Amino acid sequence: MTEQQQPWIIVGYVNVLPYIKEFAPGSVIVIDEPDVIRKQDVKNALEGAAMLRELVEWEYQLPAAADEFFNTYPDLAPAVVAPLVEYATPFAARLAERYGVPGAGAGASAIMRDKSLLRRVTRAAGVLNPASREVGSVAEVREFAAAHPGPLVLKPANRQASVGTKVLHSLDGLDAAWEECTSQDEGDRVPDRDRELRMLIEQFVHGDEYSVELLVSEGETLFSNVTGKVLFPGPRPIELGHTVPAAGISAELDALLVDRTEAVLRAVGFGSGMVHCEWIVSDGRPYLVECAGRFPGDGIPMLIEEAYGINLAGAFYTVMQGRRPEPLPRQAAGGAAVRFMEAVPGEVVSVDGTDEARKLPGVLSLSLHLKPGDTVNELRSSWDRVGSVMTSGPTAADALRTAEAVVDAIRITTA
C-alpha cells in the first residue's frame, strides 16, 4: 500500500472538515459518536464530500475504545490519526500508538484531558498553578474557601469550552452556583449517555490572559505563537476576542510563556501534534489554566495563518505523517484578530448592519446566522456566543480595532 493510498483517520466532526485542503479525495475516515452523528446530521453534512472515504460510528469516548477499534480494523494502516475536537484527544492518541504513527501519546493526552491530573503533574514539575482541589459537594467548597480566602473558580475537571465554569467572588448563593455549574447540557456536541463529572474549586488568579500554540514533533517545538485573550465581563470566563500575535506583549513575556508551555509538555511527556495552552500572568508570573493537545478553537488557527503567512494545517499534517515540514517563521508578518458578538438574551426582533460591516477594510470573515424569531440564550459557555468577525491589519492592535468597529456597526435587537 503506497502512502497516497493510506487513509487519514480524523476523530471528531467539525463543520469545516470537508473544506480542509490538505485532504486528498477519498482519503479521510471520519470517526464520531453515533449520537453526535445523528444529532448533528453528519451523514448529510458529509454527503458528496470529496475527501470522505468512510464515516465510522464509534463510541470513542468509552474506556478502551481505541484498542477495540484497532483490533476491529487491524490492517487499516493509516498514514495519519488526528483529533479535531477536545473529547477526541485521548482516543486519537491511543489509536495513533496502536497503529504506530505520530501522536501526542496516550499517557500525555489522558493527563491533559483531565484538569485535576494536569495540575498535579505540572505542579510537581515546577509549573505555577493556582491552589486547587477536587470537590464533590458544597461543603467541600466551603472547606477550601476557608483555607483560601478571596475569589474562587468553580469548574469541571473534564469538560470543554468553559462549560460549567464560574468565578465566585463570595460564597453568597453557593448552593445555586453549584447546581448551575453541575447541571450541564452540551447539546449535539456530546453523546446522550451519562458521563462522569468531576468538579474543581480553585483560587482565582487576576491578570492578563494568553494562550500559547505550539506545533511539536517528537517533543521538539517547530512553531510557536502567543495569542492575546479578552473575556466577556461577568462571572463566566468566556472569550470575547483574541489577537495574533498577542497585542502589546513584550518579547520577554512572549519567550517566557513559550518556555513554560514547553515545560508543561515535558512534564506530561507530549509527543507530536498541536497544543493550545492557556495562561494567566499575574505580577509577571504565568499561572497555568489548562492545556489541550489539539488545534485551538475560536478561529485562532486561521488568525495564525493570516498573521504569519503560513499553512499551519499543512505543517501539522506533515508532522502527523512522521515527516518534517519546511521551516516556519518565528515572527508574524502582520496581525489578525477575532471578536465575538453579544446580544441581550431573548427573541431576535431584527439584525441590521451586517452588509455594511462585511465591506469594511480588513474584514476576513463575518459569521452571524441570527434571524428574527431566533432565541439568544444567556451567555453560559462558548456555545452561547451569537457570532464573530475575523480581521487583519498591519499589527494585531490594528486588526482588533477593525473587529471592534465591525461589532459596533451591527445591531441585534431582541425582545
# chains A, B, ... in the order shown; residues from 1 in each chain; ligands from 1
$ closest_atom_pairs --of "region 72-108 of chain A" --to "region 114-131 of chain A" --cutoff "12 Å" --atoms "only C-alpha atoms" --output "Markdown table"
| residue | atom | partner | partner_atom | distance |
| --- | --- | --- | --- | --- |
| A:Glu86 | CA | A:Asp114 | CA | 11.1 |
| A:Tyr87 | CA | A:Asp114 | CA | 10.6 |
| A:Thr89 | CA | A:Asp114 | CA | 11.2 |
| A:Pro90 | CA | A:Asp114 | CA | 10.3 |
| A:Gly107 | CA | A:Leu117 | CA | 11.1 |
| A:Ala108 | CA | A:Leu118 | CA | 9.3 |
$ residues_around --residues "Asn71 (chain A)" --least-positions-apart "4" --cutoff "12 Å" --atoms "only C-alpha atoms" --output "compact mmCIF listing (two decimals) with C-alpha atoms, in the first residue's frame"
# COMPACT_ATOMS: atom_id res chain seq x y z
CA ALA A 64 -10.56 1.02 25.73
CA ALA A 65 -12.45 2.27 22.67
CA ALA A 66 -9.23 2.85 20.70
CA ASP A 67 -7.91 -0.64 21.40
CA ASP A 75 -5.00 -3.86 8.74
CA LEU A 76 -6.15 -0.27 8.21
CA LEU A 95 -5.13 4.86 18.33
CA ARG A 98 -1.61 1.20 18.22
CA TYR A 99 -1.12 1.93 14.51
$ closest_residue --among "A:Pro329, A:Phe23, A:Gly373, A:Gly241" --to "Val389 (chain A)" --atoms "only C-alpha atoms"
A:Gly241
$ atom_distance --atom1 "CA of Arg411 (chain A)" --atom2 "CA of Ser350 (chain A)"
7.9 Å
$ select_by_dssp --residues "region 191-388 of chain A" --states "strand (DSSP E)" --output "number ranges by chain"
A: 199-203, 208-217, 220-231, 239-244, 273-282, 285-292, 335-341, 346-352, 363-368, 375-376, 387-388
$ select_by_dssp --residues "region 100-273 of chain A" --states "helix (DSSP H, G or I)" --output "short mmCIF file (atom, residue, chain, number, x, y, z; two decimals) with N, CA and C atoms, in the first residue's frame"
data_model
loop_
_atom_site.label_atom_id
_atom_site.label_comp_id
_atom_site.auth_asym_id
_atom_site.auth_seq_id
_atom_site.Cartn_x
_atom_site.Cartn_y
_atom_site.Cartn_z
N ALA A 106 -0.65 8.39 24.54
CA ALA A 106 -1.86 8.16 25.33
C ALA A 106 -1.73 8.69 26.75
N GLY A 107 -0.56 8.52 27.35
CA GLY A 107 -0.37 9.00 28.72
C GLY A 107 -0.47 10.50 28.81
N ALA A 108 0.19 11.20 27.89
CA ALA A 108 0.15 12.66 27.89
C ALA A 108 -1.27 13.16 27.65
N SER A 109 -1.96 12.55 26.70
CA SER A 109 -3.31 13.01 26.37
C SER A 109 -4.27 12.81 27.53
N ALA A 110 -4.14 11.69 28.25
CA ALA A 110 -5.01 11.43 29.40
C ALA A 110 -4.81 12.48 30.48
N ILE A 111 -3.57 12.89 30.70
CA ILE A 111 -3.29 13.92 31.71
C ILE A 111 -3.86 15.27 31.27
N MET A 112 -3.65 15.63 30.01
CA MET A 112 -4.08 16.93 29.52
C MET A 112 -5.60 17.05 29.44
N ARG A 113 -6.29 15.94 29.24
CA ARG A 113 -7.75 15.95 29.16
C ARG A 113 -8.39 16.12 30.53
N LYS A 115 -8.14 18.18 33.98
CA LYS A 115 -7.52 19.37 34.57
C LYS A 115 -6.95 19.10 35.96
N SER A 116 -7.54 18.19 36.69
CA SER A 116 -7.03 17.87 38.02
C SER A 116 -5.68 17.16 37.92
N LEU A 117 -5.59 16.16 37.04
CA LEU A 117 -4.31 15.46 36.84
C LEU A 117 -3.25 16.41 36.30
N LEU A 118 -3.65 17.28 35.38
CA LEU A 118 -2.69 18.21 34.79
C LEU A 118 -2.09 19.12 35.85
N ARG A 119 -2.91 19.57 36.78
CA ARG A 119 -2.39 20.42 37.87
C ARG A 119 -1.37 19.64 38.71
N ARG A 120 -1.70 18.42 39.09
CA ARG A 120 -0.80 17.63 39.93
C ARG A 120 0.54 17.38 39.24
N VAL A 121 0.48 16.98 37.98
CA VAL A 121 1.70 16.61 37.27
C VAL A 121 2.57 17.82 36.99
N THR A 122 1.97 18.92 36.52
CA THR A 122 2.78 20.09 36.18
C THR A 122 3.28 20.82 37.42
N ARG A 123 2.49 20.80 38.49
CA ARG A 123 2.95 21.42 39.74
C ARG A 123 4.20 20.70 40.25
N ALA A 124 4.21 19.38 40.13
CA ALA A 124 5.37 18.61 40.55
C ALA A 124 6.60 18.93 39.71
N VAL A 138 -20.99 21.06 48.12
CA VAL A 138 -20.89 22.45 48.56
C VAL A 138 -20.07 22.54 49.84
N ALA A 139 -20.21 21.57 50.71
CA ALA A 139 -19.46 21.59 51.97
C ALA A 139 -17.95 21.58 51.72
N GLU A 140 -17.51 20.82 50.72
CA GLU A 140 -16.08 20.77 50.41
C GLU A 140 -15.61 22.08 49.78
N VAL A 141 -16.48 22.74 49.03
CA VAL A 141 -16.13 24.06 48.51
C VAL A 141 -15.91 25.03 49.67
N ARG A 142 -16.78 24.97 50.68
CA ARG A 142 -16.66 25.87 51.83
C ARG A 142 -15.36 25.56 52.61
N GLU A 143 -14.99 24.31 52.71
CA GLU A 143 -13.73 23.95 53.37
C GLU A 143 -12.54 24.59 52.66
N PHE A 144 -12.53 24.50 51.34
CA PHE A 144 -11.45 25.07 50.56
C PHE A 144 -11.44 26.59 50.72
N ALA A 145 -12.62 27.21 50.67
CA ALA A 145 -12.71 28.66 50.79
C ALA A 145 -12.18 29.15 52.14
N ALA A 146 -12.40 28.37 53.17
CA ALA A 146 -11.91 28.77 54.49
C ALA A 146 -10.39 28.80 54.54
N ALA A 147 -9.76 27.92 53.77
CA ALA A 147 -8.30 27.86 53.76
C ALA A 147 -7.69 28.78 52.71
N LEU A 174 -23.97 30.11 47.02
CA LEU A 174 -23.11 28.99 46.61
C LEU A 174 -23.93 27.77 46.19
N ASP A 175 -25.01 27.48 46.93
CA ASP A 175 -25.83 26.31 46.57
C ASP A 175 -26.36 26.43 45.14
N ALA A 176 -26.82 27.63 44.77
CA ALA A 176 -27.33 27.85 43.42
C ALA A 176 -26.21 27.76 42.40
N ALA A 177 -25.03 28.29 42.73
CA ALA A 177 -23.89 28.23 41.81
C ALA A 177 -23.46 26.78 41.58
N TRP A 178 -23.47 25.98 42.63
CA TRP A 178 -23.12 24.56 42.50
C TRP A 178 -24.10 23.86 41.58
N GLU A 179 -25.37 24.10 41.78
CA GLU A 179 -26.38 23.47 40.94
C GLU A 179 -26.23 23.92 39.49
N GLU A 180 -25.97 25.20 39.30
CA GLU A 180 -25.82 25.75 37.95
C GLU A 180 -24.62 25.15 37.24
N CYS A 181 -23.49 25.03 37.93
CA CYS A 181 -22.25 24.55 37.30
C CYS A 181 -22.24 23.04 37.07
N THR A 182 -22.99 22.32 37.86
CA THR A 182 -23.00 20.86 37.70
C THR A 182 -24.15 20.38 36.82
N GLY A 187 -25.62 19.70 24.42
CA GLY A 187 -26.44 19.55 23.23
C GLY A 187 -25.94 18.51 22.26
N ASP A 188 -25.83 18.91 20.98
CA ASP A 188 -25.49 17.95 19.94
C ASP A 188 -23.99 17.67 19.84
N ARG A 189 -23.21 18.22 20.75
CA ARG A 189 -21.75 18.01 20.70
C ARG A 189 -21.29 16.81 21.48
N ALA A 251 8.68 41.04 24.26
CA ALA A 251 9.43 39.88 23.78
C ALA A 251 9.80 38.96 24.94
N GLU A 252 10.07 39.54 26.10
CA GLU A 252 10.46 38.73 27.25
C GLU A 252 9.31 37.86 27.74
N LEU A 253 8.09 38.45 27.81
CA LEU A 253 6.94 37.66 28.26
C LEU A 253 6.57 36.62 27.22
N ASP A 254 6.65 36.97 25.95
CA ASP A 254 6.39 36.01 24.89
C ASP A 254 7.28 34.79 25.05
N ALA A 255 8.58 35.02 25.23
CA ALA A 255 9.53 33.91 25.38
C ALA A 255 9.25 33.10 26.65
N LEU A 256 8.88 33.79 27.73
CA LEU A 256 8.60 33.10 28.98
C LEU A 256 7.38 32.19 28.84
N LEU A 257 6.33 32.65 28.19
CA LEU A 257 5.12 31.84 28.01
C LEU A 257 5.40 30.61 27.16
N VAL A 258 6.20 30.77 26.11
CA VAL A 258 6.57 29.61 25.30
C VAL A 258 7.40 28.63 26.13
N ASP A 259 8.35 29.16 26.90
CA ASP A 259 9.18 28.30 27.75
C ASP A 259 8.34 27.52 28.75
N ARG A 260 7.37 28.16 29.38
CA ARG A 260 6.53 27.48 30.37
C ARG A 260 5.62 26.43 29.70
N THR A 261 5.19 26.72 28.49
CA THR A 261 4.39 25.73 27.77
C THR A 261 5.23 24.51 27.43
N GLU A 262 6.45 24.73 27.02
CA GLU A 262 7.35 23.59 26.76
C GLU A 262 7.61 22.80 28.04
N ALA A 263 7.63 23.48 29.19
CA ALA A 263 7.79 22.78 30.47
C ALA A 263 6.58 21.89 30.75
N VAL A 264 5.38 22.38 30.42
CA VAL A 264 4.17 21.56 30.58
C VAL A 264 4.27 20.30 29.72
N LEU A 265 4.70 20.45 28.47
CA LEU A 265 4.77 19.31 27.57
C LEU A 265 5.82 18.29 28.02
N ARG A 266 6.93 18.79 28.55
CA ARG A 266 7.92 17.85 29.11
C ARG A 266 7.35 17.12 30.32
N ALA A 267 6.59 17.84 31.13
CA ALA A 267 6.04 17.23 32.35
C ALA A 267 5.09 16.08 32.03
N VAL A 268 4.29 16.24 30.97
CA VAL A 268 3.31 15.20 30.64
C VAL A 268 3.86 14.19 29.65
#
$ closest_atom_pairs --of "region 30-98 of chain A" --to "region 17-21 of chain A" --cutoff "8 Å" --atoms "only C-alpha atoms" --output "Markdown table"
| residue | atom | partner | partner_atom | distance |
| --- | --- | --- | --- | --- |
| A:Leu46 | CA | A:Pro18 | CA | 6.9 |
| A:Ala49 | CA | A:Pro18 | CA | 5.8 |
| A:Ala50 | CA | A:Pro18 | CA | 7.5 |
| A:Met51 | CA | A:Pro18 | CA | 6.5 |
| A:Leu52 | CA | A:Pro18 | CA | 7.8 |
$ residues_around --residues "Ile29 (chain A)" --least-positions-apart "3" --cutoff "9 Å" --atoms "only C-alpha atoms" --output "VMD selection string"
chain A and resid 7 to 11 26 51 to 56
$ write_last_selection --atoms "C-alpha atoms" --output "short mmCIF file (atom, residue, chain, number, x, y, z; two decimals), in the first residue's frame"
data_model
loop_
_atom_site.label_atom_id
_atom_site.label_comp_id
_atom_site.auth_asym_id
_atom_site.auth_seq_id
_atom_site.Cartn_x
_atom_site.Cartn_y
_atom_site.Cartn_z
CA PRO A 7 -6.23 6.61 4.82
CA TRP A 8 -6.14 9.55 7.18
CA ILE A 9 -8.20 8.99 10.33
CA ILE A 10 -9.85 12.14 11.71
CA VAL A 11 -11.63 11.81 15.06
CA GLY A 26 -11.30 9.65 -0.87
CA MET A 51 -12.34 13.90 0.89
CA LEU A 52 -14.55 11.28 2.55
CA ARG A 53 -13.60 7.63 2.35
CA GLU A 54 -15.86 6.43 5.17
CA LEU A 55 -17.84 7.71 8.16
CA VAL A 56 -17.49 5.32 11.10
#
$ residues_around --residues "Gly105 (chain A)" --least-positions-apart "5" --cutoff "9 Å" --atoms "only C-alpha atoms" --output "PDB file with N, CA and C atoms, in the first residue's frame"
ATOM      1  N   PRO A  90      -7.884  11.781  23.754  1.00  0.00           N
ATOM      2  CA  PRO A  90      -7.338  10.534  24.290  1.00  0.00           C
ATOM      3  C   PRO A  90      -7.481   9.359  23.318  1.00  0.00           C
ATOM      4  N   ALA A  92      -7.678   9.449  19.992  1.00  0.00           N
ATOM      5  CA  ALA A  92      -6.769   9.604  18.857  1.00  0.00           C
ATOM      6  C   ALA A  92      -5.331   9.302  19.257  1.00  0.00           C
ATOM      7  N   ALA A  93      -4.929   9.731  20.449  1.00  0.00           N
ATOM      8  CA  ALA A  93      -3.558   9.476  20.891  1.00  0.00           C
ATOM      9  C   ALA A  93      -3.295   7.988  21.064  1.00  0.00           C
ATOM     10  N   ARG A  94      -4.244   7.282  21.663  1.00  0.00           N
ATOM     11  CA  ARG A  94      -4.062   5.841  21.850  1.00  0.00           C
ATOM     12  C   ARG A  94      -4.113   5.098  20.511  1.00  0.00           C
ATOM     13  N   ALA A  96      -3.271   6.260  17.589  1.00  0.00           N
ATOM     14  CA  ALA A  96      -2.000   6.508  16.901  1.00  0.00           C
ATOM     15  C   ALA A  96      -0.914   5.571  17.424  1.00  0.00           C
ATOM     16  N   GLU A  97      -0.876   5.367  18.723  1.00  0.00           N
ATOM     17  CA  GLU A  97       0.085   4.422  19.295  1.00  0.00           C
ATOM     18  C   GLU A  97      -0.108   3.020  18.725  1.00  0.00           C
ATOM     19  N   ALA A 110      -4.137  11.689  28.250  1.00  0.00           N
ATOM     20  CA  ALA A 110      -5.009  11.431  29.397  1.00  0.00           C
ATOM     21  C   ALA A 110      -4.809  12.485  30.484  1.00  0.00           C
ATOM     22  N   GLY A 269       5.001  14.487  29.009  1.00  0.00           N
ATOM     23  CA  GLY A 269       5.579  13.573  28.030  1.00  0.00           C
ATOM     24  C   GLY A 269       4.914  13.633  26.673  1.00  0.00           C
ATOM     25  N   PHE A 270       4.571  14.839  26.222  1.00  0.00           N
ATOM     26  CA  PHE A 270       3.867  15.004  24.949  1.00  0.00           C
ATOM     27  C   PHE A 270       4.782  14.645  23.786  1.00  0.00           C
ATOM     28  N   GLY A 271       4.209  13.967  22.777  1.00  0.00           N
ATOM     29  CA  GLY A 271       4.972  13.520  21.625  1.00  0.00           C
ATOM     30  C   GLY A 271       4.900  14.469  20.458  1.00  0.00           C
ATOM     31  N   SER A 272       3.905  14.262  19.573  1.00  0.00           N
ATOM     32  CA  SER A 272       3.775  15.078  18.361  1.00  0.00           C
ATOM     33  C   SER A 272       2.345  15.579  18.211  1.00  0.00           C
TER      34      SER A 272
END
$ residues_around --residues "region 219-234 of chain A" --least-positions-apart "2" --cutoff "6 Å" --atoms "only C-alpha atoms" --output "PDB file with C-alpha atoms, in the first residue's frame"
ATOM      1  CA  GLU A 209      -4.748  36.096  29.809  1.00  0.00           C
ATOM      2  CA  TYR A 210      -2.912  34.452  26.931  1.00  0.00           C
ATOM      3  CA  SER A 211      -2.750  31.188  25.077  1.00  0.00           C
ATOM      4  CA  VAL A 212       0.303  29.558  23.529  1.00  0.00           C
ATOM      5  CA  GLU A 213       0.061  27.466  20.374  1.00  0.00           C
ATOM      6  CA  LEU A 214       2.911  25.099  19.611  1.00  0.00           C
ATOM      7  CA  LEU A 215       3.476  22.663  16.736  1.00  0.00           C
ATOM      8  CA  VAL A 216       5.577  19.859  18.183  1.00  0.00           C
ATOM      9  CA  SER A 217       7.365  16.909  16.573  1.00  0.00           C
ATOM     10  CA  ARG A 236     -18.044  33.311  33.395  1.00  0.00           C
ATOM     11  CA  ILE A 238     -15.772  33.134  28.161  1.00  0.00           C
ATOM     12  CA  GLU A 239     -13.574  34.555  25.396  1.00  0.00           C
ATOM     13  CA  LEU A 240     -14.709  37.859  23.895  1.00  0.00           C
ATOM     14  CA  GLY A 241     -11.783  38.147  21.492  1.00  0.00           C
ATOM     15  CA  HIS A 242      -8.261  37.098  20.515  1.00  0.00           C
ATOM     16  CA  THR A 243      -5.284  38.833  18.905  1.00  0.00           C
ATOM     17  CA  VAL A 244      -2.485  37.118  16.969  1.00  0.00           C
ATOM     18  CA  PRO A 245       0.232  37.693  17.885  1.00  0.00           C
ATOM     19  CA  ALA A 246      -0.761  38.974  21.332  1.00  0.00           C
ATOM     20  CA  GLY A 271       4.972  13.520  21.625  1.00  0.00           C
TER      21      GLY A 271
END
